[in-house]
>>> print(open('query_14.cif').read())   # mmCIF, C-alpha atoms and all ligand atoms
data_my_file
#
loop_
_atom_site.label_atom_id
_atom_site.label_comp_id
_atom_site.auth_asym_id
_atom_site.auth_seq_id
_atom_site.Cartn_x
_atom_site.Cartn_y
_atom_site.Cartn_z
CA MET A 24 106.49 96.86 100.10
CA ILE A 25 106.09 93.12 99.62
CA GLN A 26 107.70 91.25 96.77
CA ILE A 27 106.90 87.58 96.36
CA ASP A 28 108.93 85.82 93.72
CA GLN A 29 107.89 82.40 92.49
CA ILE A 30 107.12 80.79 95.80
CA THR A 31 106.03 77.21 96.08
CA PHE A 32 104.66 75.63 99.25
CA THR A 33 103.81 71.99 99.81
CA TYR A 34 102.20 70.72 103.03
CA PRO A 35 103.74 67.64 104.68
CA ASP A 36 100.98 65.43 103.23
CA GLY A 37 102.05 66.42 99.72
CA THR A 38 99.36 69.04 98.98
CA ARG A 39 100.94 71.73 96.81
CA ALA A 40 99.10 74.82 98.06
CA LEU A 41 101.20 77.50 96.33
CA ASP A 42 102.57 77.00 92.88
CA ASN A 43 105.23 79.40 91.55
CA LEU A 44 103.26 82.32 92.90
CA ILE A 45 104.31 85.86 92.04
CA LEU A 46 102.85 88.93 93.75
CA HIS A 47 104.04 92.49 94.31
CA ILE A 48 102.21 94.67 96.82
CA PRO A 49 103.00 98.38 96.63
CA ARG A 50 103.44 100.50 99.76
CA GLY A 51 100.32 102.20 101.05
CA VAL A 52 97.93 100.22 98.87
CA ALA A 53 94.97 98.30 100.30
CA THR A 54 95.05 94.96 98.51
CA GLY A 55 92.31 92.34 98.62
CA ILE A 56 93.00 88.66 97.98
CA VAL A 57 90.00 86.66 96.86
CA GLY A 58 89.45 83.13 95.66
CA ALA A 59 87.35 80.04 96.24
CA ASN A 60 87.74 77.75 99.26
CA GLY A 61 91.06 75.97 99.08
CA ALA A 62 92.60 78.36 96.54
CA GLY A 63 95.60 78.92 98.83
CA LYS A 64 94.80 82.36 100.30
CA SER A 65 95.57 81.52 103.93
CA THR A 66 98.66 79.57 102.96
CA LEU A 67 99.86 82.64 101.07
CA VAL A 68 99.22 85.23 103.77
CA ASN A 69 100.70 82.97 106.45
CA HIS A 70 103.99 83.51 104.59
CA LEU A 71 103.91 87.30 104.84
CA ASN A 72 105.43 87.50 108.32
CA GLY A 73 107.50 84.33 108.15
CA TRP A 74 104.95 82.13 109.94
CA PHE A 75 105.29 79.78 106.95
CA MET A 76 108.50 79.66 104.90
CA PRO A 77 108.33 78.91 101.17
CA GLY A 78 109.76 75.65 99.88
CA GLU A 79 111.09 77.52 96.85
CA GLY A 80 111.26 81.18 95.89
CA SER A 81 111.66 84.27 98.04
CA ILE A 82 109.66 86.96 99.83
CA ARG A 83 110.99 90.43 100.50
CA VAL A 84 109.42 92.92 102.87
CA ASN A 85 110.73 96.45 102.47
CA GLY A 86 113.64 94.97 100.51
CA LEU A 87 114.54 92.51 103.29
CA GLU A 88 114.34 88.84 102.35
CA ILE A 89 112.46 86.85 104.99
CA ASN A 90 114.64 84.18 106.57
CA ALA A 91 114.96 82.44 109.93
CA GLY A 92 117.49 85.03 111.11
CA ASN A 93 115.34 88.17 110.75
CA LEU A 94 111.88 87.10 111.87
CA GLU A 95 111.82 89.62 114.70
CA ARG A 96 112.41 92.52 112.30
CA ILE A 97 109.89 91.14 109.85
CA ARG A 98 107.22 90.71 112.53
CA LYS A 99 107.74 94.26 113.78
CA CYS A 100 106.84 95.39 110.28
CA VAL A 101 104.12 92.88 109.28
CA GLY A 102 101.19 92.10 111.55
CA LEU A 103 99.19 88.99 110.63
CA VAL A 104 95.66 88.31 111.90
CA PHE A 105 94.99 84.59 111.40
CA GLN A 106 91.79 83.21 109.88
CA ASN A 107 91.19 81.27 113.10
CA PRO A 108 91.36 83.53 116.19
CA ASP A 109 92.12 80.45 118.32
CA ASP A 110 95.54 80.39 116.62
CA GLN A 111 96.14 83.95 117.79
CA LEU A 112 94.79 84.04 121.33
CA PHE A 113 96.69 81.90 123.77
CA THR A 114 96.98 83.63 127.16
CA ALA A 115 94.54 83.37 130.07
CA ARG A 116 93.13 86.89 129.66
CA VAL A 117 91.99 88.94 126.69
CA TYR A 118 93.95 91.92 127.99
CA ASP A 119 97.17 89.86 128.27
CA ASP A 120 96.76 88.69 124.70
CA VAL A 121 96.50 92.27 123.48
CA MET A 122 99.53 93.34 125.54
CA PHE A 123 101.66 90.32 124.59
CA GLY A 124 102.87 91.61 121.22
CA PRO A 125 103.88 95.08 122.43
CA ALA A 126 105.80 93.56 125.38
CA ASN A 127 107.49 91.08 123.08
CA LEU A 128 108.57 93.85 120.69
CA GLY A 129 109.77 96.05 123.55
CA MET A 130 107.26 98.84 122.84
CA ASP A 131 106.80 101.63 125.37
CA ARG A 132 104.48 100.16 128.01
CA ARG A 133 102.36 103.25 128.66
CA GLU A 134 101.82 103.86 124.97
CA ALA A 135 100.87 100.20 124.48
CA GLU A 136 98.44 100.32 127.41
CA ALA A 137 96.78 103.43 126.02
CA SER A 138 96.54 101.88 122.59
CA ALA A 139 95.21 98.56 123.99
CA GLU A 140 92.50 100.38 125.94
CA ARG A 141 91.49 102.46 122.91
CA LEU A 142 91.20 99.35 120.71
CA LEU A 143 89.40 97.25 123.33
CA ARG A 144 86.87 100.06 123.88
CA GLU A 145 86.47 100.58 120.14
CA PHE A 146 85.77 96.87 119.66
CA GLY A 147 83.40 96.65 122.64
CA LEU A 148 85.78 94.38 124.55
CA TRP A 149 86.82 96.59 127.46
CA GLU A 150 84.25 95.02 129.77
CA VAL A 151 85.44 91.49 128.95
CA ARG A 152 89.17 92.19 129.08
CA ASP A 153 89.65 89.92 132.12
CA LYS A 154 87.90 86.93 130.55
CA PRO A 155 89.75 83.97 129.07
CA PRO A 156 89.65 84.34 125.27
CA ALA A 157 88.03 80.88 125.03
CA HIS A 158 84.94 82.31 126.76
CA LEU A 159 84.34 85.04 124.20
CA SER A 160 81.74 84.85 121.45
CA HIS A 161 83.08 84.23 117.93
CA GLY A 162 82.76 87.88 116.90
CA GLN A 163 84.42 89.03 120.13
CA LYS A 164 87.31 86.62 119.48
CA ARG A 165 87.67 88.02 115.97
CA PHE A 166 87.97 91.56 117.36
CA ALA A 167 90.34 90.45 120.15
CA ALA A 168 92.65 88.88 117.55
CA LEU A 169 92.51 92.08 115.48
CA ALA A 170 93.26 94.20 118.55
CA ALA A 171 96.21 91.96 119.47
CA VAL A 172 97.81 92.75 116.11
CA MET A 173 96.65 96.35 115.56
CA VAL A 174 98.04 97.39 118.96
CA MET A 175 101.53 96.95 117.48
CA ASN A 176 100.83 99.49 114.72
CA PRO A 177 102.36 97.34 112.00
CA GLU A 178 103.46 99.00 108.78
CA VAL A 179 101.70 96.17 106.93
CA LEU A 180 98.46 94.77 108.34
CA VAL A 181 97.42 91.38 106.97
CA MET A 182 93.91 90.15 107.80
CA ASP A 183 92.54 86.72 106.91
CA GLU A 184 88.72 86.78 106.81
CA PRO A 185 88.37 89.69 109.26
CA THR A 186 84.59 90.01 108.85
CA SER A 187 83.58 86.42 109.47
CA ASP A 188 81.49 86.26 112.65
CA LEU A 189 81.01 90.05 112.79
CA ASP A 190 77.47 91.41 112.98
CA PRO A 191 76.53 94.04 110.34
CA ARG A 192 77.16 96.99 112.64
CA ASN A 193 80.59 95.70 113.68
CA ARG A 194 81.43 94.90 110.07
CA ARG A 195 80.62 98.53 109.22
CA LYS A 196 82.78 99.66 112.15
CA LEU A 197 85.73 97.65 110.78
CA ILE A 198 85.27 99.19 107.32
CA GLY A 199 85.48 102.65 108.92
CA LEU A 200 88.53 101.72 110.95
CA ILE A 201 90.44 100.25 108.00
CA ALA A 202 89.77 103.43 106.00
CA THR A 203 91.63 105.46 108.64
CA LEU A 204 94.72 103.20 108.82
CA PRO A 205 97.94 104.58 107.40
CA ALA A 206 99.23 101.03 106.90
CA THR A 207 99.59 98.96 103.78
CA THR A 208 96.80 96.39 104.15
CA VAL A 209 96.33 92.91 102.72
CA THR A 210 92.84 91.52 103.24
CA VAL A 211 91.64 88.01 102.44
CA SER A 212 87.87 87.79 102.34
CA HIS A 213 84.91 85.96 100.84
CA ASP A 214 82.92 89.11 101.60
CA LEU A 215 83.48 90.78 98.23
CA ASP A 216 81.39 93.78 99.26
CA PHE A 217 83.83 94.33 102.12
CA ILE A 218 86.75 94.08 99.66
CA TRP A 219 84.91 96.52 97.35
CA GLU A 220 84.68 99.06 100.17
CA THR A 221 88.13 98.66 101.72
CA CYS A 222 90.54 97.77 98.91
CA THR A 223 91.85 99.61 95.86
CA ALA A 224 93.61 96.60 94.33
CA VAL A 225 92.53 92.98 94.09
CA CYS A 226 94.29 89.71 93.33
CA ILE A 227 92.32 86.62 92.39
CA MET A 228 93.78 83.26 93.45
CA ASN A 229 93.07 79.89 91.92
CA ALA A 230 94.89 76.61 92.61
CA GLY A 231 97.84 78.20 94.37
CA ARG A 232 98.48 80.95 91.84
CA ILE A 233 97.50 84.59 91.34
CA VAL A 234 95.50 84.43 88.14
CA ALA A 235 94.45 88.08 87.87
CA SER A 236 95.27 91.34 89.59
CA GLY A 237 94.28 94.94 89.04
CA PRO A 238 92.00 97.75 90.23
CA ALA A 239 89.55 96.33 92.76
CA ARG A 240 86.31 97.66 91.32
CA GLU A 241 87.27 96.63 87.79
CA LEU A 242 87.99 93.02 88.74
CA LEU A 243 85.08 92.77 91.16
CA SER A 244 82.64 93.83 88.42
CA ASP A 245 83.93 91.24 85.94
CA ARG A 246 81.30 88.53 86.28
CA ALA A 247 82.96 86.16 83.79
CA LEU A 248 86.37 86.42 85.46
CA LEU A 249 84.87 85.88 88.91
CA GLU A 250 82.80 82.88 87.79
CA LEU A 251 85.80 81.34 86.06
CA ASN A 252 87.50 81.36 89.46
CA GLY A 253 84.63 80.02 91.53
CA LEU A 254 83.43 83.42 92.74
CA GLU A 255 80.30 85.54 92.38
CA LEU A 256 79.73 89.26 91.88
CA PRO A 257 79.60 91.30 95.10
CA LEU A 258 76.01 91.45 96.40
CA ARG A 259 75.85 95.17 95.60
CA LEU A 260 76.22 94.35 91.89
CA GLN A 261 73.93 91.37 91.75
CA GLY A 262 70.69 92.12 89.97
CA SER A 263 72.17 95.19 88.30
N1 LIG B 1 97.69 71.65 107.26
C1 LIG B 1 97.43 71.27 106.01
N2 LIG B 1 97.84 70.09 105.56
C2 LIG B 1 97.60 69.69 104.29
N3 LIG B 1 96.94 70.44 103.38
C3 LIG B 1 96.50 71.64 103.78
C4 LIG B 1 96.70 72.12 105.12
N4 LIG B 1 96.14 73.36 105.23
C5 LIG B 1 95.60 73.62 104.03
N5 LIG B 1 95.80 72.60 103.16
C6 LIG B 1 95.40 72.52 101.74
O1 LIG B 1 96.02 73.57 101.02
C7 LIG B 1 95.13 74.14 100.07
C8 LIG B 1 94.99 75.63 100.33
O2 LIG B 1 94.38 75.82 101.60
P1 LIG B 1 94.16 77.26 102.21
O3 LIG B 1 93.76 77.09 103.62
O4 LIG B 1 95.36 78.10 101.93
O5 LIG B 1 92.95 77.78 101.31
P2 LIG B 1 92.09 79.12 101.42
O6 LIG B 1 92.10 79.75 100.06
O7 LIG B 1 92.54 79.94 102.55
O8 LIG B 1 90.61 78.53 101.68
P3 LIG B 1 89.38 79.11 102.56
O9 LIG B 1 88.70 80.14 101.69
O10 LIG B 1 88.52 77.90 102.74
O11 LIG B 1 89.92 79.67 103.84
C9 LIG B 1 93.83 73.36 100.18
O12 LIG B 1 93.87 72.36 99.19
C10 LIG B 1 93.92 72.71 101.56
O13 LIG B 1 93.23 71.48 101.59
MG MG B 2 91.66 80.51 104.32
#
>>> encode(input="query_14.cif", output="structure tokens")
Amino acid sequence: MIQIDQITFTYPDGTRALDNLILHIPRGVATGIVGANGAGKSTLVNHLNGWFMPGEGSIRVNGLEINAGNLERIRKCVGLVFQNPDDQLFTARVYDDVMFGPANLGMDRREAEASAERLLREFGLWEVRDKPPAHLSHGQKRFAALAAVMVMNPEVLVMDEPTSDLDPRNRRKLIGLIATLPATTVTVSHDLDFIWETCTAVCIMNAGRIVASGPARELLSDRALLELNGLELPLRLQGS
């Protein structure tokens, strides 16, 4: 579904955040990307819908190489939920933010409205749909940003730290929701218990590279491998 071949990305200040990175994500698989702060996870996932373009190397989605000329097609296929919801929410009303993507992609309006209402109710945001996004709580913003992407039913759903700011009950709700999605998912998270529950494959990042990948529960139980890469066992395995 996604084929990343030897991409390199350097920020304008000279920081090389991705270094000859190779990653193949099969269709229909829920993949978790984990790594310490600064490992390059957000930089990587910001490439998956063409938001960032690699300095070197190539990314293919469904066989189509991402370039400046096909961003619309790519973004119809890949939905990206940013780590910072303030990067996602930009209109004056929560409801308008959720309806922006579908309108932009030319989706059927009635279907989009029905889907927006279902998601906003599911995420407990229906009552605040007329508020400016800036006036939402952090967890509400997180859900609004998720709704604004999920409403487009992307074939690939990419989420960067989706559980940060969520209370335990809402975190559980998100786990349930992800389990029902037909999409290929790519989840970046420091919440390794969340990755344990929602992902079947895991990639570990360190210094701009993928240093290990494989079955999620195998990698997430490998204390030595995790510690080598600045991580700890999921809480569920600590003490066992
Ligand atoms: N706008 C920027 N300009 C310069 N360097 C940046 C910029 N954004 C990120 N970096 C650097 O790129 C590297 C990778 O950052 P990135 O945000 O991708 O890490 P991350 O793995 O997502 O970390 P976290 O777990 O803290 O979210 C870090 O060294 C960071 O300092
Ligand atoms: Mg990040």
>>> atom_distance(input="query_14.cif", atom1="atom CA of Leu258 of chain A", atom2="atom CA of Leu197 of chain A")
18.4 Å
>>> atom_distance(input="query_14.cif", atom1="atom CA of Arg259 of chain A", atom2="atom CA of Arg246 of chain A")
12.7 Å
>>> closest_residue(input="query_14.cif", among="A:Ala40, A:Ala239, A:Ala126, A:Ala137", to="ligand LIG 1 (chain B)", atoms="all atoms listed in the file")
A:Ala40
>>> residues_around(input="query_14.cif", residues="Val151 of chain A", least_positions_apart="3", cutoff="8 Å", atoms="all atoms listed in the file", output="ChimeraX atom specification")
/A:117,148,154
>>> residues_near_ligand(input="query_14.cif", ligand="ligand MG 2 (chain B)", cutoff="8 Å", atoms="all atoms listed in the file", output="PDB file with C-alpha atoms, in the coordinates of the input")
ATOM      1  CA  ASN A  60      87.740  77.750  99.260  1.00  0.00           C
ATOM      2  CA  GLY A  61      91.060  75.970  99.080  1.00  0.00           C
ATOM      3  CA  GLY A  63      95.600  78.920  98.830  1.00  0.00           C
ATOM      4  CA  LYS A  64      94.800  82.360 100.300  1.00  0.00           C
ATOM      5  CA  SER A  65      95.570  81.520 103.930  1.00  0.00           C
ATOM      6  CA  THR A  66      98.660  79.570 102.960  1.00  0.00           C
ATOM      7  CA  GLN A 106      91.790  83.210 109.880  1.00  0.00           C
ATOM      8  CA  ASP A 183      92.540  86.720 106.910  1.00  0.00           C
ATOM      9  CA  GLU A 184      88.720  86.780 106.810  1.00  0.00           C
ATOM     10  CA  VAL A 211      91.640  88.010 102.440  1.00  0.00           C
TER      11      VAL A 211
END
>>> residues_near_point(input="query_14.cif", point="(107.2, 86.5, 97.4)", cutoff="12 Å", atoms="all atoms listed in the file", output="VMD selection string")
chain A and resid 24 to 32 41 to 48 67 to 73 75 to 89 232 to 233
>>> write_last_selection(input="query_14.cif", atoms="C-alpha atoms", output="short mmCIF file (atom, residue, chain, number, x, y, z; two decimals), in the coordinates of the input")
data_model
loop_
_atom_site.label_atom_id
_atom_site.label_comp_id
_atom_site.auth_asym_id
_atom_site.auth_seq_id
_atom_site.Cartn_x
_atom_site.Cartn_y
_atom_site.Cartn_z
CA MET A 24 106.49 96.86 100.10
CA ILE A 25 106.09 93.12 99.62
CA GLN A 26 107.70 91.25 96.77
CA ILE A 27 106.90 87.58 96.36
CA ASP A 28 108.93 85.82 93.72
CA GLN A 29 107.89 82.40 92.49
CA ILE A 30 107.12 80.79 95.80
CA THR A 31 106.03 77.21 96.08
CA PHE A 32 104.66 75.63 99.25
CA LEU A 41 101.20 77.50 96.33
CA ASP A 42 102.57 77.00 92.88
CA ASN A 43 105.23 79.40 91.55
CA LEU A 44 103.26 82.32 92.90
CA ILE A 45 104.31 85.86 92.04
CA LEU A 46 102.85 88.93 93.75
CA HIS A 47 104.04 92.49 94.31
CA ILE A 48 102.21 94.67 96.82
CA LEU A 67 99.86 82.64 101.07
CA VAL A 68 99.22 85.23 103.77
CA ASN A 69 100.70 82.97 106.45
CA HIS A 70 103.99 83.51 104.59
CA LEU A 71 103.91 87.30 104.84
CA ASN A 72 105.43 87.50 108.32
CA GLY A 73 107.50 84.33 108.15
CA PHE A 75 105.29 79.78 106.95
CA MET A 76 108.50 79.66 104.90
CA PRO A 77 108.33 78.91 101.17
CA GLY A 78 109.76 75.65 99.88
CA GLU A 79 111.09 77.52 96.85
CA GLY A 80 111.26 81.18 95.89
CA SER A 81 111.66 84.27 98.04
CA ILE A 82 109.66 86.96 99.83
CA ARG A 83 110.99 90.43 100.50
CA VAL A 84 109.42 92.92 102.87
CA ASN A 85 110.73 96.45 102.47
CA GLY A 86 113.64 94.97 100.51
CA LEU A 87 114.54 92.51 103.29
CA GLU A 88 114.34 88.84 102.35
CA ILE A 89 112.46 86.85 104.99
CA ARG A 232 98.48 80.95 91.84
CA ILE A 233 97.50 84.59 91.34
#
>>> residues_around(input="query_14.cif", residues="Glu95 of chain A", least_positions_apart="3", cutoff="10 Å", atoms="all atoms listed in the file", output="list in words")
Asn72, Gly73, Ala91, Gly92, Arg98, Lys99, Cys100, Val101, Asn127 and Leu128 of chain A
>>> write_last_selection(input="query_14.cif", atoms="C-alpha atoms", output="PDB file, in the coordinates of the input")
ATOM      1  CA  ASN A  72     105.430  87.500 108.320  1.00  0.00           C
ATOM      2  CA  GLY A  73     107.500  84.330 108.150  1.00  0.00           C
ATOM      3  CA  ALA A  91     114.960  82.440 109.930  1.00  0.00           C
ATOM      4  CA  GLY A  92     117.490  85.030 111.110  1.00  0.00           C
ATOM      5  CA  ARG A  98     107.220  90.710 112.530  1.00  0.00           C
ATOM      6  CA  LYS A  99     107.740  94.260 113.780  1.00  0.00           C
ATOM      7  CA  CYS A 100     106.840  95.390 110.280  1.00  0.00           C
ATOM      8  CA  VAL A 101     104.120  92.880 109.280  1.00  0.00           C
ATOM      9  CA  ASN A 127     107.490  91.080 123.080  1.00  0.00           C
ATOM     10  CA  LEU A 128     108.570  93.850 120.690  1.00  0.00           C
TER      11      LEU A 128
END
>>> axis_aligned_box(input="query_14.cif", around="segment 246-263 of chain A", padding_each_side="6 Å", output="lines of an AutoDock Vina configuration file")
center_x = 79.1
center_y = 87.6
center_z = 90.1
size_x = 28.8
size_y = 27.2
size_z = 24.6
>>> residues_around(input="query_14.cif", residues="Leu249 of chain A", least_positions_apart="4", cutoff="12 Å", atoms="all atoms listed in the file", output="ChimeraX atom specification")
/A:57-59,213,215,225-229,234-236,241-245,253-257
>>> atom_distance(input="query_14.cif", atom1="atom CA of Leu143 of chain A", atom2="atom CA of Ala167 of chain A")
7.6 Å
